[in-house]
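Written below as structure tokens is the structure these notes are about.
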Amino acid sequence: MPFRTPSSAEQNSWNRNSTLFYVLNSGGRIFLYKFDPANFHATQLKVPNVKWRGEPQFSYSNEDVLYGVSTKSPSFEKYEVSKDKLSTVNDATSCLKLDSSAIGVNITVSADDQRFMEVIGPKQDANNVVYIYDAQKGCRWYNTQTGEISGKWGQNGKASFSDSYLIHNARMSKSGKYVYVTGRGGASAIWDVDTTSVIPCRANPQDQCGGHRAIGYSHLINPSLRVHAMNLLKRPLGKIDQTSSLVPDLPPKQGWFGQHISWNNADPDDTTPACFSTFHPTNPDTPGAPLTVNGPWENEIDCIEMDGKGSKIWRFAHTYSTARNGFWSTPRGNVSPDGRFYMFTSDWQDRLGNDPKGKGFRTDVFVVELR
């Protein structure tokens, strides 16, 4: 069957020390693998009997724990791999009155396993609640339609950003202090979780917080629309309109290529390199045909310096993905929290055989050692 990485490069599909990872099949079912990082060998484990919506996240602090959101209710669940044990962390319905049709998606757990975040509503682009559970303080939420922010801790009241909008996606910083919310249509805002401060990111139309981005502890990375697809910007989440270019003095872009940024290896100072996979939308779809390349960093697995001392880019591998067989053939990648490995999806230039269901060429998951 086809296998793939999560739809988002922001999700953490590796455990803390690179000894476990998960992949998904075309139906979204989770397959766990034990990984031997010294010998570069993967062994499939028992398929976990969990009923989760969306894509789960490995804990950043416990190598044996995987977190997900139940399909039965918008509740956070914890799965202990070695014990094959499932337990409930918190159910949002115990804190918040919700419609019976409400579901939870987009789980994010802080690096210390203390704060959990999900988006709640009927479906993507119609959801309207960002829900936070703190293991010590309890629940808190932000309703993006009414502007109400409330809960058992922090400031309560109306959000400082008065616009009403529905949610496309949201992610929490590894510190648990900020949530980045993407509205339907692409508008975005940063919620300082302890407060009612919600700041839109729209100071300059060409430097908004759009594109595929990644969040560290206190910073955001995203591509600018200016000059070149590799004009990546780093910005503090507390001062979202202050940007610094990670790759200065780029020449005018030639064509366009896309990238997915992963920063699961971020340290508390946000100085460790961020990694990304790129693809070109005009790649040929003839099996084995050379991919389209107009310059460096296209159709590659790369990492970029984040410590502010320079703008070095490490080039590790080629993706060999045509990215022409639908969204799931694009080389979305996820770096391991220890920064040692990177997994990505590829159709390998249409040379992996056909999808068993006759829906085009097959995809698989590949792992690169970052050295």
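All residue names refer to the structure tokens as shown: chains lettered A, B, ... in order, residues numbered from 1 in each chain, ligands numbered from 1 in order.
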Legend entry - Residues within 9 Å of Trp256 of chain A, only C-alpha atoms, excluding chain neighbours under 6 positions, as a ChimeraX atom specification: /A:228-229,280-282
Those same residues, written as a compact mmCIF listing (two decimals), in the first residue's frame with C-alpha atoms?
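result-v2.txt, freshly written:
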# COMPACT_ATOMS: atom_id res chain seq x y z
CA HIS A 228 12.76 34.39 -4.30
CA ALA A 229 11.02 31.31 -2.84
CA HIS A 280 8.83 22.10 -8.30
CA PRO A 281 5.28 22.17 -9.74
CA THR A 282 6.55 21.76 -13.31
Legend entry - Neighbour list for segment 306-320 of chain A as an MDAnalysis selection string, cut-off 10 Å, only C-alpha atoms, skip fewer than 5 positions in-chain: chainID A and resid 221 234 244:248 266 269:275 277:279 283 288:291 296:301 330:333 342 344:351 366 368:371
Using only C-alpha atoms, please write the residues we just selected to a file, as a PDB file, in the first residue's frame.
ATOM      1  CA  ILE A 221       9.674  30.966  10.122  1.00  0.00           C
ATOM      2  CA  LYS A 234      12.336  34.673  11.041  1.00  0.00           C
ATOM      3  CA  SER A 244      14.837  39.193   9.626  1.00  0.00           C
ATOM      4  CA  SER A 245      15.801  37.498   6.376  1.00  0.00           C
ATOM      5  CA  LEU A 246      17.553  34.147   6.737  1.00  0.00           C
ATOM      6  CA  VAL A 247      19.026  34.202   3.211  1.00  0.00           C
ATOM      7  CA  PRO A 248      19.914  37.799   2.278  1.00  0.00           C
ATOM      8  CA  ALA A 266      14.163  23.729  17.897  1.00  0.00           C
ATOM      9  CA  ASP A 269      16.566  29.785  22.197  1.00  0.00           C
ATOM     10  CA  ASP A 270      15.379  28.885  18.662  1.00  0.00           C
ATOM     11  CA  THR A 271      18.945  28.682  17.370  1.00  0.00           C
ATOM     12  CA  THR A 272      19.102  25.123  15.993  1.00  0.00           C
ATOM     13  CA  PRO A 273      18.801  24.740  12.193  1.00  0.00           C
ATOM     14  CA  ALA A 274      15.352  24.382  10.649  1.00  0.00           C
ATOM     15  CA  CYS A 275      14.953  21.832   7.867  1.00  0.00           C
ATOM     16  CA  SER A 277      11.886  19.858   1.632  1.00  0.00           C
ATOM     17  CA  THR A 278      11.258  21.542  -1.707  1.00  0.00           C
ATOM     18  CA  PHE A 279       9.424  20.607  -4.875  1.00  0.00           C
ATOM     19  CA  ASN A 283       8.435  18.520 -12.691  1.00  0.00           C
ATOM     20  CA  GLY A 288      12.486   8.373 -14.314  1.00  0.00           C
ATOM     21  CA  ALA A 289      12.647  11.700 -16.173  1.00  0.00           C
ATOM     22  CA  PRO A 290      15.028  14.273 -14.610  1.00  0.00           C
ATOM     23  CA  LEU A 291      13.249  16.773 -12.398  1.00  0.00           C
ATOM     24  CA  PRO A 296      20.043  25.453  -5.939  1.00  0.00           C
ATOM     25  CA  TRP A 297      17.712  24.071  -3.252  1.00  0.00           C
ATOM     26  CA  GLU A 298      15.029  22.809  -5.660  1.00  0.00           C
ATOM     27  CA  ASN A 299      13.720  19.241  -5.185  1.00  0.00           C
ATOM     28  CA  GLU A 300      16.011  18.842  -2.168  1.00  0.00           C
ATOM     29  CA  ILE A 301      16.196  18.112   1.565  1.00  0.00           C
ATOM     30  CA  THR A 330       4.596  16.299  -2.486  1.00  0.00           C
ATOM     31  CA  PRO A 331       7.711  15.761  -0.335  1.00  0.00           C
ATOM     32  CA  ARG A 332       6.399  16.976   3.003  1.00  0.00           C
ATOM     33  CA  GLY A 333       9.099  16.267   5.572  1.00  0.00           C
ATOM     34  CA  TYR A 342      14.427  13.606   8.384  1.00  0.00           C
ATOM     35  CA  PHE A 344       9.663  12.664   3.720  1.00  0.00           C
ATOM     36  CA  THR A 345       7.168  11.380   1.152  1.00  0.00           C
ATOM     37  CA  SER A 346       8.097  10.740  -2.477  1.00  0.00           C
ATOM     38  CA  ASP A 347       6.722   9.009  -5.577  1.00  0.00           C
ATOM     39  CA  TRP A 348      10.392   8.504  -6.572  1.00  0.00           C
ATOM     40  CA  GLN A 349       9.895   9.859 -10.087  1.00  0.00           C
ATOM     41  CA  ASP A 350       6.938   7.483 -10.623  1.00  0.00           C
ATOM     42  CA  ARG A 351       9.092   4.373 -10.190  1.00  0.00           C
ATOM     43  CA  PHE A 366      12.070   7.771   3.016  1.00  0.00           C
ATOM     44  CA  VAL A 368      17.632  10.786   5.480  1.00  0.00           C
ATOM     45  CA  GLU A 369      20.387  10.904   8.072  1.00  0.00           C
ATOM     46  CA  LEU A 370      21.379  14.549   8.535  1.00  0.00           C
ATOM     47  CA  ARG A 371      25.175  14.434   8.622  1.00  0.00           C
TER      48      ARG A 371
END
Legend entry - Within 8 Å of Ser13 of chain A using only C-alpha atoms, minus same-chain residues under 5 positions, as a list in words: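 The filter keeps Thr5, Pro6, Phe21, Tyr22, Val23, Pro56, Gln57, Phe58, Asn334 and Ser336 of chain A.
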Inset, instruction - as an MDAnalysis selection string, please: all residues of segment 111-179 of chain A that backbone DSSP puts in strand (DSSP E). - result: chainID A and resid 115:121 129:134 138:143 148:151 157:158 167:172 178:179
Let's have the selection written as a short mmCIF file (atom, residue, chain, number, x, y, z; two decimals), in the first residue's frame, with N, CA and C atoms.
data_model
loop_
_atom_site.label_atom_id
_atom_site.label_comp_id
_atom_site.auth_asym_id
_atom_site.auth_seq_id
_atom_site.Cartn_x
_atom_site.Cartn_y
_atom_site.Cartn_z
N ARG A 115 1.08 21.66 28.24
CA ARG A 115 -0.05 22.30 27.56
C ARG A 115 -0.41 21.57 26.28
N PHE A 116 -1.71 21.44 26.08
CA PHE A 116 -2.26 20.75 24.92
C PHE A 116 -3.18 21.72 24.18
N MET A 117 -3.13 21.68 22.86
CA MET A 117 -3.98 22.55 22.06
C MET A 117 -4.69 21.75 20.98
N GLU A 118 -5.92 22.14 20.69
CA GLU A 118 -6.66 21.60 19.55
C GLU A 118 -7.58 22.68 19.00
N VAL A 119 -8.03 22.46 17.77
CA VAL A 119 -9.03 23.33 17.14
C VAL A 119 -10.35 22.56 17.14
N ILE A 120 -11.44 23.25 17.51
CA ILE A 120 -12.74 22.59 17.65
C ILE A 120 -13.78 23.26 16.76
N GLY A 121 -14.63 22.43 16.15
CA GLY A 121 -15.73 22.91 15.31
C GLY A 121 -16.25 21.79 14.44
N VAL A 129 -13.07 27.45 17.46
CA VAL A 129 -12.56 27.47 18.83
C VAL A 129 -11.14 26.93 18.87
N VAL A 130 -10.24 27.69 19.51
CA VAL A 130 -8.92 27.19 19.87
C VAL A 130 -8.99 26.83 21.34
N TYR A 131 -8.77 25.56 21.66
CA TYR A 131 -8.92 25.06 23.02
C TYR A 131 -7.55 24.67 23.58
N ILE A 132 -7.25 25.13 24.80
CA ILE A 132 -6.00 24.85 25.48
C ILE A 132 -6.30 24.12 26.79
N TYR A 133 -5.54 23.09 27.07
CA TYR A 133 -5.61 22.45 28.39
C TYR A 133 -4.22 22.47 29.01
N ASP A 134 -4.11 23.05 30.20
CA ASP A 134 -2.87 23.08 30.96
C ASP A 134 -2.99 22.03 32.07
N GLY A 138 -5.69 23.86 34.15
CA GLY A 138 -7.00 23.57 33.59
C GLY A 138 -7.19 24.13 32.19
N CYS A 139 -8.43 24.41 31.84
CA CYS A 139 -8.79 24.72 30.45
C CYS A 139 -8.85 26.21 30.15
N ARG A 140 -8.78 26.54 28.86
CA ARG A 140 -8.85 27.92 28.38
C ARG A 140 -9.19 27.87 26.90
N TRP A 141 -9.90 28.88 26.39
CA TRP A 141 -10.29 28.84 24.99
C TRP A 141 -10.43 30.24 24.38
N TYR A 142 -10.38 30.25 23.05
CA TYR A 142 -10.54 31.47 22.26
C TYR A 142 -11.52 31.16 21.15
N ASN A 143 -12.65 31.87 21.14
CA ASN A 143 -13.67 31.72 20.10
C ASN A 143 -13.42 32.79 19.04
N GLU A 148 -14.51 35.92 22.12
CA GLU A 148 -14.44 35.62 23.55
C GLU A 148 -13.20 34.79 23.87
N ILE A 149 -12.49 35.20 24.93
CA ILE A 149 -11.38 34.43 25.48
C ILE A 149 -11.67 34.21 26.96
N SER A 150 -11.65 32.96 27.40
CA SER A 150 -12.03 32.67 28.78
C SER A 150 -11.43 31.34 29.21
N GLY A 151 -11.68 31.00 30.47
CA GLY A 151 -11.19 29.74 31.01
C GLY A 151 -10.87 29.86 32.48
N GLY A 157 -11.90 37.95 28.55
CA GLY A 157 -12.53 39.11 27.92
C GLY A 157 -12.53 38.96 26.41
N LYS A 158 -12.63 40.08 25.72
CA LYS A 158 -12.64 40.09 24.27
C LYS A 158 -11.22 40.15 23.71
N ILE A 167 -11.52 29.13 11.32
CA ILE A 167 -10.15 28.61 11.42
C ILE A 167 -9.87 27.56 10.34
N HIS A 168 -8.74 27.77 9.66
CA HIS A 168 -8.24 26.75 8.72
C HIS A 168 -7.27 25.80 9.43
N ASN A 169 -6.43 26.39 10.29
CA ASN A 169 -5.41 25.59 10.96
C ASN A 169 -4.87 26.39 12.14
N ALA A 170 -4.30 25.70 13.13
CA ALA A 170 -3.65 26.39 14.24
C ALA A 170 -2.59 25.47 14.83
N ARG A 171 -1.52 26.09 15.35
CA ARG A 171 -0.44 25.36 16.00
C ARG A 171 0.04 26.16 17.20
N MET A 172 0.49 25.44 18.23
CA MET A 172 1.01 26.09 19.44
C MET A 172 2.53 26.04 19.45
N TYR A 178 2.35 30.67 22.90
CA TYR A 178 1.68 31.29 21.76
C TYR A 178 0.95 30.25 20.91
N VAL A 179 -0.12 30.72 20.25
CA VAL A 179 -0.80 29.92 19.24
C VAL A 179 -0.88 30.73 17.95
#
Legend entry - Nearest to Phe3 of chain A, chosen from A:Pro252, A:Gly27, A:Gly210, A:Gly339, with only C-alpha atoms counted in the distances: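 Once distances to Phe3 of chain A are computed over only C-alpha atoms, the minimum belongs to A:Gly27.
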Inset, instruction - Rounded to one decimal place, report the atom CA of Thr286 of chain A-atom CA of Thr322 of chain A distance in Å. - result: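 Computed distance, atom CA of Thr286 of chain A to atom CA of Thr322 of chain A, equals 9.0 Å.
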With 12 Å as the cut-off and only C-alpha atoms counted, what is the closest atom pair between each nearby residue of segment 231-262 of chain A and segment 180-189 of chain A? Distances in Å to one decimal, ordered by chain and number, as CSV.
residue,atom,partner,partner_atom,distance
A:Pro236,CA,A:Tyr180,CA,11.8
A:Leu237,CA,A:Tyr180,CA,8.5
A:Gly238,CA,A:Tyr180,CA,11.1
A:Lys239,CA,A:Ala189,CA,11.5
A:Ile240,CA,A:Ala189,CA,9.0
A:Asp241,CA,A:Ala189,CA,10.9
Inset, instruction - Write out as a list in words the residues lying within 6 Å of segment 87-101 of chain A, counting only C-alpha atoms and excluding same-chain residues fewer than 2 positions away. - result: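 With the cut-off at 6 Å, the set is Pro74, Ser75, Phe76, Glu77, Lys78 and Pro122 of chain A.
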Inset, instruction - Enter the distance from atom CA of Asp194 of chain A to atom CA of Gln155 of chain A, in Å, rounded to one decimal. - result: 6.3 Å
Legend entry - Selected residue of minimal separation from Asp364 of chain A among A:Glu55, A:Asp338, A:Ser73, A:Ser321, counting only C-alpha atoms: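 Answer, going by the shortest atom-to-atom distance: A:Ser321.
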Inset, instruction - Measuring atom to atom with only C-alpha atoms, identify which of A:Phe161, A:Phe327, A:Tyr79, A:Tyr60 is nearest to Leu32 of chain A. - result: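 That would be A:Tyr79, the residue with the smallest distance to Leu32 of chain A.
Residue nearest Ala38 of chain A, chosen from A:Ser18, A:Gln208, A:Asn294, A:Thr196 and counting only C-alpha atoms: A:Ser18.
Note that the spacing between atom CA of Ala111 of chain A and atom CA of Lys137 of chain A amounts to 16.7 Å.
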